[in-house]
Amino acid sequence: MPFRINGPYPDVLVTHGRCTDALPYHDRFRLLSWELKIIQMGSFFFGLQDAVSTRFFFSCFVSNCFSFFCSEQLYMQMADVMVKEGWKEAGYEYVCIDDCWPSHERDAKGRLQADPNRFPGGIKKLADYIHSKGLKLGIYADVGKNTCAGYPGSLGYYETDAQTFADWDVDLLKFDGCFMDRTLIAEGYMNMSKALNKTGRSILYSCEWPLYEWAIKQPNYTAIREYCNHWRNFNDIFDSWSSIKTILEWTASNQKIIVPAAGPGGWNDPDMLVIGNFGLSHDQQQSQMALWAIMAAPLLMSNDLRDICPRSKELLQNRMIIAINQDPLGRQGYHTARLMDFDVWERPLFGNRLAIAIMNQQELGGPRRFPISAVPGWKICVPQCNVTQILPQYKELGVQSHQKELVLSVNPTGTTLLTFTPLSSNLRKLHWNNTAVQTEHTHL
């Protein structure tokens with residue numbers, strides 16, 4: 001059996017941070033990229049008891065790893081910043097190396113080895129440093145013959161590589177799917193899961209199994225959930241609003257298939273948050289943060305934390321958004337309505353509460369008004385609810401009657417994030433299953 005983790009965990013990606021409105025893509029250059037991930041965890045099957053906590057990771061991306069920027073010194077510096085600047089306190093704990101870290105050749109015993117110029121101390125030394133800061137280390141490998149950037153893959157070396165990572169005290173494996181016969185993808189991911197468990201070390205297993213299998217058939221999410229802790233489903237994200245919209249549309253269109261698979265032990269990964277980069281306005285950054293929370297997504301950041309703007313930092317460290325993302329009920333939300341060019345997403349929370357994200361799809365003009373009574377989940381507020389607005393600014397809206405016409409103002413491409421807390425002793429429960437999702441409201 002694979003490692004299993006109780007509790008939902010989100011995905012946030014941030015890049016080189018700036019407080020700017022969106023710029024044309026060709027005008028932006030990403031100097032550094034890092035990944036950060038929040039993961040809520042309970043217990044592994046191996047008995048590691050970890051009360052509800054949050055875990056994050058950084059990652060150096062392929063496009064940047066060919067330069068001197070990707071080095072053990074830089075990862076150590078970022079770990080220092082994570083502790084000093086409140087990221088660890090907010091829950092971010094994983095520092096993860098992406099593609100391009102290894103040498104082009106395995107050693108004499110067939111083991112992967114780090115590039116001696118960029119990682120002169122080796123991965124074990126880096127892991128020891130990361131652990132000394134109270135953080136966790138993640139690493140990248142590939143199920144196929146080569147990684148996506150052409151470095152040695154794990155095909156034919158699953159047990160060797162799993163044991164190597166365990167010997168280095170790695171805490172997370174991000175396992176890509178390049179250079180592999182897609183008809184053998186499932187077998188490869190299952191074999192690596194078994195190899196990781198065989199080491200006896202608790203290693204979080206991040207898969208891209210369904211991402212590569214969708215091209216040939218609908219993936220078996222029962223099997224994926226059994227062997228992986230979280231999994232990518234769709235295309236890589238880019239630093240643009242159009243990319244985020246495409247991911248949201250794909251998720252909404254396939255929610256009947258993918259949402260039931262998510263829950264304590266395994267999670268859908270819509271890819272990283274591009275918050276703090278150059279491609280999104282602040283409204284769009286808030287939209288991504290809100291919707292990744294609703295989707296119970298692993299939170300992955302990609303940015304240079306030494307130079308991130310205060311507004312992006314505040315958004316990424318927002319405890320109320322993180323609390324929704326990490327809610328102990330462990331239920332992924334659904335897209336429940338498209339009305340008047342607004343998208344409504346809803347997620348049930350512990351205590352019969354409900355989180356709601358209302359996104360204005362229009363990209364021109366000014367703020368638009370949306371009646372809260374149009375939210376399908378508003379019915380839980382019979383007779384009354386306490387309503388809290390979290391985004392765009394925190395505001396207690398107080399006790400609201402089901403009959404009251406509360407109207408929200410939502411900026412173009414922006415999102416209002418709310419929570420509803422019913423006040424009746426005779427609470428109406430929301431039944432979140434496939435048949436309850438109002439697909440007639442979803443027009444994508």
# chains A, B, ... in the order shown; residues from 1 in each chain; ligands from 1
>>> residues_around(residues="region 315-317 of chain A", least_positions_apart="2", cutoff="8 Å", atoms="only C-alpha atoms", output="list in words")
Trp87, Ala90, Ile275, Gln286, Met289, Arg311, Ser312, Lys313, Arg319 and Ile322 of chain A
>>> residues_around(residues="His402 (chain A)", least_positions_apart="3", cutoff="10 Å", atoms="only C-alpha atoms", output="MDAnalysis selection string")
chainID A and resid 372:373 378:385 399 405:406
>>> residues_around(residues="region 409-424 of chain A", least_positions_apart="5", cutoff="8 Å", atoms="only C-alpha atoms", output="VMD selection string")
chain A and resid 283 to 284 286 to 287 290 352 to 370 380 to 392
>>> atom_distance(atom1="CA of Tyr227 (chain A)", atom2="CA of Asn191 (chain A)")
9.2 Å
>>> residues_around(residues="Ser193 (chain A)", least_positions_apart="6", cutoff="12 Å", atoms="only C-alpha atoms", output="PyMOL selection string")
chain A and resi 1-4+143+158-159+161-163+172-175+186-187+199-207+209+223-229
>>> write_last_selection(atoms="C-alpha atoms", output="compact mmCIF listing (two decimals), in the first residue's frame")
# COMPACT_ATOMS: atom_id res chain seq x y z
CA MET A 1 0.00 0.00 0.00
CA PRO A 2 1.19 3.55 -0.65
CA PHE A 3 1.76 6.28 1.89
CA ARG A 4 -1.56 7.80 2.87
CA VAL A 143 8.77 7.66 -14.37
CA TYR A 158 12.55 2.49 -9.34
CA GLU A 159 13.81 0.62 -6.28
CA ASP A 161 16.08 5.61 -6.84
CA ALA A 162 13.52 5.21 -4.07
CA GLN A 163 16.21 3.89 -1.74
CA LEU A 172 8.66 14.37 -0.92
CA LEU A 173 8.98 13.00 -4.45
CA LYS A 174 7.52 14.89 -7.39
CA PHE A 175 7.33 12.20 -10.10
CA ALA A 186 -0.01 3.45 -14.56
CA GLU A 187 2.32 0.50 -14.01
CA THR A 199 12.23 1.89 1.96
CA GLY A 200 10.33 2.33 5.22
CA ARG A 201 10.66 6.13 5.03
CA SER A 202 7.58 8.36 4.87
CA ILE A 203 7.89 10.14 1.53
CA LEU A 204 5.00 12.17 0.15
CA TYR A 205 4.27 10.97 -3.40
CA SER A 206 3.27 13.63 -5.94
CA CYS A 207 2.15 12.03 -9.23
CA TRP A 209 -0.19 9.93 -13.71
CA ALA A 223 -6.11 3.32 -8.42
CA ILE A 224 -4.49 6.76 -8.57
CA ARG A 225 -5.82 7.62 -5.13
CA GLU A 226 -4.59 4.27 -3.80
CA TYR A 227 -1.00 4.88 -4.91
CA CYS A 228 -0.52 8.67 -4.90
CA ASN A 229 -0.92 11.42 -2.31
>>> select_by_dssp(residues="region 229-363 of chain A", states="helix (DSSP H, G or I)", output="PyMOL selection string")
chain A and resi 241-253+255-261+282-294+305-307+310-316+319-325
>>> atom_distance(atom1="CA of Ala323 (chain A)", atom2="CA of Pro348 (chain A)")
12.7 Å
>>> closest_residue(among="A:Leu305, A:Leu137, A:Ala215, A:Ala166", to="Thr183 (chain A)", atoms="only C-alpha atoms")
A:Ala215
>>> residues_around(residues="Trp250 (chain A)", least_positions_apart="5", cutoff="12 Å", atoms="only C-alpha atoms", output="ChimeraX atom specification")
/A:233-235,243-245,255-258,270,335,442-444
>>> closest_residue(among="A:Phe238, A:Tyr189, A:Phe350, A:Tyr129", to="Asp176 (chain A)", atoms="only C-alpha atoms")
A:Tyr189
>>> decode(residues="region 267-294 of chain A", atoms="N, CA, C and O atoms", output="PDB file, in the first residue's frame")
ATOM      1  N   TRP A 267      -5.324  14.106  -3.221  1.00  0.00           N
ATOM      2  CA  TRP A 267      -5.888  15.393  -3.635  1.00  0.00           C
ATOM      3  C   TRP A 267      -5.590  15.702  -5.095  1.00  0.00           C
ATOM      4  O   TRP A 267      -4.528  15.373  -5.620  1.00  0.00           O
ATOM      5  N   ASN A 268      -6.544  16.357  -5.744  1.00  0.00           N
ATOM      6  CA  ASN A 268      -6.333  16.872  -7.097  1.00  0.00           C
ATOM      7  C   ASN A 268      -5.414  18.083  -7.042  1.00  0.00           C
ATOM      8  O   ASN A 268      -5.554  18.952  -6.180  1.00  0.00           O
ATOM      9  N   ASP A 269      -4.481  18.150  -8.001  1.00  0.00           N
ATOM     10  CA  ASP A 269      -3.488  19.225  -8.049  1.00  0.00           C
ATOM     11  C   ASP A 269      -3.669  20.024  -9.344  1.00  0.00           C
ATOM     12  O   ASP A 269      -3.298  19.549 -10.411  1.00  0.00           O
ATOM     13  N   PRO A 270      -4.262  21.212  -9.287  1.00  0.00           N
ATOM     14  CA  PRO A 270      -4.460  22.018 -10.496  1.00  0.00           C
ATOM     15  C   PRO A 270      -3.217  22.790 -10.933  1.00  0.00           C
ATOM     16  O   PRO A 270      -3.293  23.625 -11.820  1.00  0.00           O
ATOM     17  N   ASP A 271      -2.086  22.510 -10.313  1.00  0.00           N
ATOM     18  CA  ASP A 271      -0.797  23.136 -10.579  1.00  0.00           C
ATOM     19  C   ASP A 271      -0.634  24.398  -9.733  1.00  0.00           C
ATOM     20  O   ASP A 271      -1.467  24.735  -8.913  1.00  0.00           O
ATOM     21  N   MET A 272       0.450  25.090  -9.985  1.00  0.00           N
ATOM     22  CA  MET A 272       0.935  26.102  -9.056  1.00  0.00           C
ATOM     23  C   MET A 272       0.153  27.418  -9.102  1.00  0.00           C
ATOM     24  O   MET A 272      -0.517  27.730 -10.066  1.00  0.00           O
ATOM     25  N   LEU A 273       0.300  28.173  -8.034  1.00  0.00           N
ATOM     26  CA  LEU A 273      -0.218  29.534  -8.005  1.00  0.00           C
ATOM     27  C   LEU A 273       0.833  30.461  -8.613  1.00  0.00           C
ATOM     28  O   LEU A 273       1.985  30.429  -8.214  1.00  0.00           O
ATOM     29  N   VAL A 274       0.434  31.273  -9.537  1.00  0.00           N
ATOM     30  CA  VAL A 274       1.352  32.237 -10.149  1.00  0.00           C
ATOM     31  C   VAL A 274       1.201  33.603  -9.497  1.00  0.00           C
ATOM     32  O   VAL A 274       1.274  34.638 -10.151  1.00  0.00           O
ATOM     33  N   ILE A 275       0.985  33.590  -8.215  1.00  0.00           N
ATOM     34  CA  ILE A 275       0.817  34.817  -7.428  1.00  0.00           C
ATOM     35  C   ILE A 275       2.175  35.447  -7.168  1.00  0.00           C
ATOM     36  O   ILE A 275       3.118  34.767  -6.799  1.00  0.00           O
ATOM     37  N   GLY A 276       2.254  36.771  -7.352  1.00  0.00           N
ATOM     38  CA  GLY A 276       3.499  37.489  -7.128  1.00  0.00           C
ATOM     39  C   GLY A 276       4.348  37.613  -8.355  1.00  0.00           C
ATOM     40  O   GLY A 276       5.393  38.264  -8.334  1.00  0.00           O
ATOM     41  N   ASN A 277       3.914  37.020  -9.444  1.00  0.00           N
ATOM     42  CA  ASN A 277       4.651  37.108 -10.697  1.00  0.00           C
ATOM     43  C   ASN A 277       4.182  38.340 -11.466  1.00  0.00           C
ATOM     44  O   ASN A 277       3.537  39.227 -10.913  1.00  0.00           O
ATOM     45  N   PHE A 278       4.475  38.403 -12.748  1.00  0.00           N
ATOM     46  CA  PHE A 278       4.175  39.584 -13.552  1.00  0.00           C
ATOM     47  C   PHE A 278       2.887  39.469 -14.368  1.00  0.00           C
ATOM     48  O   PHE A 278       2.463  40.436 -14.971  1.00  0.00           O
ATOM     49  N   GLY A 279       2.276  38.288 -14.409  1.00  0.00           N
ATOM     50  CA  GLY A 279       1.200  38.059 -15.362  1.00  0.00           C
ATOM     51  C   GLY A 279      -0.197  38.361 -14.884  1.00  0.00           C
ATOM     52  O   GLY A 279      -1.121  38.395 -15.694  1.00  0.00           O
ATOM     53  N   LEU A 280      -0.391  38.552 -13.583  1.00  0.00           N
ATOM     54  CA  LEU A 280      -1.730  38.726 -13.039  1.00  0.00           C
ATOM     55  C   LEU A 280      -1.876  40.062 -12.332  1.00  0.00           C
ATOM     56  O   LEU A 280      -0.952  40.511 -11.645  1.00  0.00           O
ATOM     57  N   SER A 281      -3.036  40.655 -12.482  1.00  0.00           N
ATOM     58  CA  SER A 281      -3.370  41.809 -11.655  1.00  0.00           C
ATOM     59  C   SER A 281      -3.619  41.320 -10.220  1.00  0.00           C
ATOM     60  O   SER A 281      -3.729  40.112  -9.965  1.00  0.00           O
ATOM     61  N   HIS A 282      -3.739  42.236  -9.288  1.00  0.00           N
ATOM     62  CA  HIS A 282      -3.974  41.816  -7.904  1.00  0.00           C
ATOM     63  C   HIS A 282      -5.330  41.143  -7.760  1.00  0.00           C
ATOM     64  O   HIS A 282      -5.475  40.172  -7.008  1.00  0.00           O
ATOM     65  N   ASP A 283      -6.348  41.625  -8.485  1.00  0.00           N
ATOM     66  CA  ASP A 283      -7.652  40.963  -8.457  1.00  0.00           C
ATOM     67  C   ASP A 283      -7.534  39.522  -8.927  1.00  0.00           C
ATOM     68  O   ASP A 283      -8.147  38.617  -8.350  1.00  0.00           O
ATOM     69  N   GLN A 284      -6.766  39.301  -9.980  1.00  0.00           N
ATOM     70  CA  GLN A 284      -6.601  37.950 -10.514  1.00  0.00           C
ATOM     71  C   GLN A 284      -5.804  37.068  -9.561  1.00  0.00           C
ATOM     72  O   GLN A 284      -6.080  35.869  -9.435  1.00  0.00           O
ATOM     73  N   GLN A 285      -4.840  37.643  -8.866  1.00  0.00           N
ATOM     74  CA  GLN A 285      -4.118  36.878  -7.854  1.00  0.00           C
ATOM     75  C   GLN A 285      -5.068  36.436  -6.744  1.00  0.00           C
ATOM     76  O   GLN A 285      -5.025  35.290  -6.286  1.00  0.00           O
ATOM     77  N   GLN A 286      -5.935  37.335  -6.312  1.00  0.00           N
ATOM     78  CA  GLN A 286      -6.912  36.977  -5.290  1.00  0.00           C
ATOM     79  C   GLN A 286      -7.848  35.883  -5.793  1.00  0.00           C
ATOM     80  O   GLN A 286      -8.202  34.964  -5.039  1.00  0.00           O
ATOM     81  N   SER A 287      -8.228  35.951  -7.061  1.00  0.00           N
ATOM     82  CA  SER A 287      -9.100  34.922  -7.625  1.00  0.00           C
ATOM     83  C   SER A 287      -8.429  33.562  -7.580  1.00  0.00           C
ATOM     84  O   SER A 287      -9.043  32.557  -7.190  1.00  0.00           O
ATOM     85  N   GLN A 288      -7.166  33.516  -7.966  1.00  0.00           N
ATOM     86  CA  GLN A 288      -6.509  32.213  -7.957  1.00  0.00           C
ATOM     87  C   GLN A 288      -6.362  31.661  -6.544  1.00  0.00           C
ATOM     88  O   GLN A 288      -6.624  30.486  -6.293  1.00  0.00           O
ATOM     89  N   MET A 289      -5.985  32.503  -5.612  1.00  0.00           N
ATOM     90  CA  MET A 289      -5.829  32.047  -4.226  1.00  0.00           C
ATOM     91  C   MET A 289      -7.159  31.533  -3.682  1.00  0.00           C
ATOM     92  O   MET A 289      -7.228  30.474  -3.029  1.00  0.00           O
ATOM     93  N   ALA A 290      -8.234  32.255  -3.951  1.00  0.00           N
ATOM     94  CA  ALA A 290      -9.551  31.860  -3.460  1.00  0.00           C
ATOM     95  C   ALA A 290     -10.003  30.538  -4.061  1.00  0.00           C
ATOM     96  O   ALA A 290     -10.491  29.642  -3.357  1.00  0.00           O
ATOM     97  N   LEU A 291      -9.832  30.395  -5.365  1.00  0.00           N
ATOM     98  CA  LEU A 291     -10.353  29.203  -6.032  1.00  0.00           C
ATOM     99  C   LEU A 291      -9.502  27.976  -5.749  1.00  0.00           C
ATOM    100  O   LEU A 291     -10.014  26.854  -5.683  1.00  0.00           O
ATOM    101  N   TRP A 292      -8.202  28.164  -5.549  1.00  0.00           N
ATOM    102  CA  TRP A 292      -7.365  27.021  -5.152  1.00  0.00           C
ATOM    103  C   TRP A 292      -7.754  26.552  -3.739  1.00  0.00           C
ATOM    104  O   TRP A 292      -7.682  25.373  -3.437  1.00  0.00           O
ATOM    105  N   ALA A 293      -8.190  27.491  -2.905  1.00  0.00           N
ATOM    106  CA  ALA A 293      -8.677  27.105  -1.578  1.00  0.00           C
ATOM    107  C   ALA A 293      -9.977  26.306  -1.693  1.00  0.00           C
ATOM    108  O   ALA A 293     -10.162  25.295  -1.014  1.00  0.00           O
ATOM    109  N   ILE A 294     -10.881  26.747  -2.542  1.00  0.00           N
ATOM    110  CA  ILE A 294     -12.142  26.039  -2.745  1.00  0.00           C
ATOM    111  C   ILE A 294     -11.884  24.636  -3.296  1.00  0.00           C
ATOM    112  O   ILE A 294     -12.558  23.669  -2.926  1.00  0.00           O
TER     113      ILE A 294
END
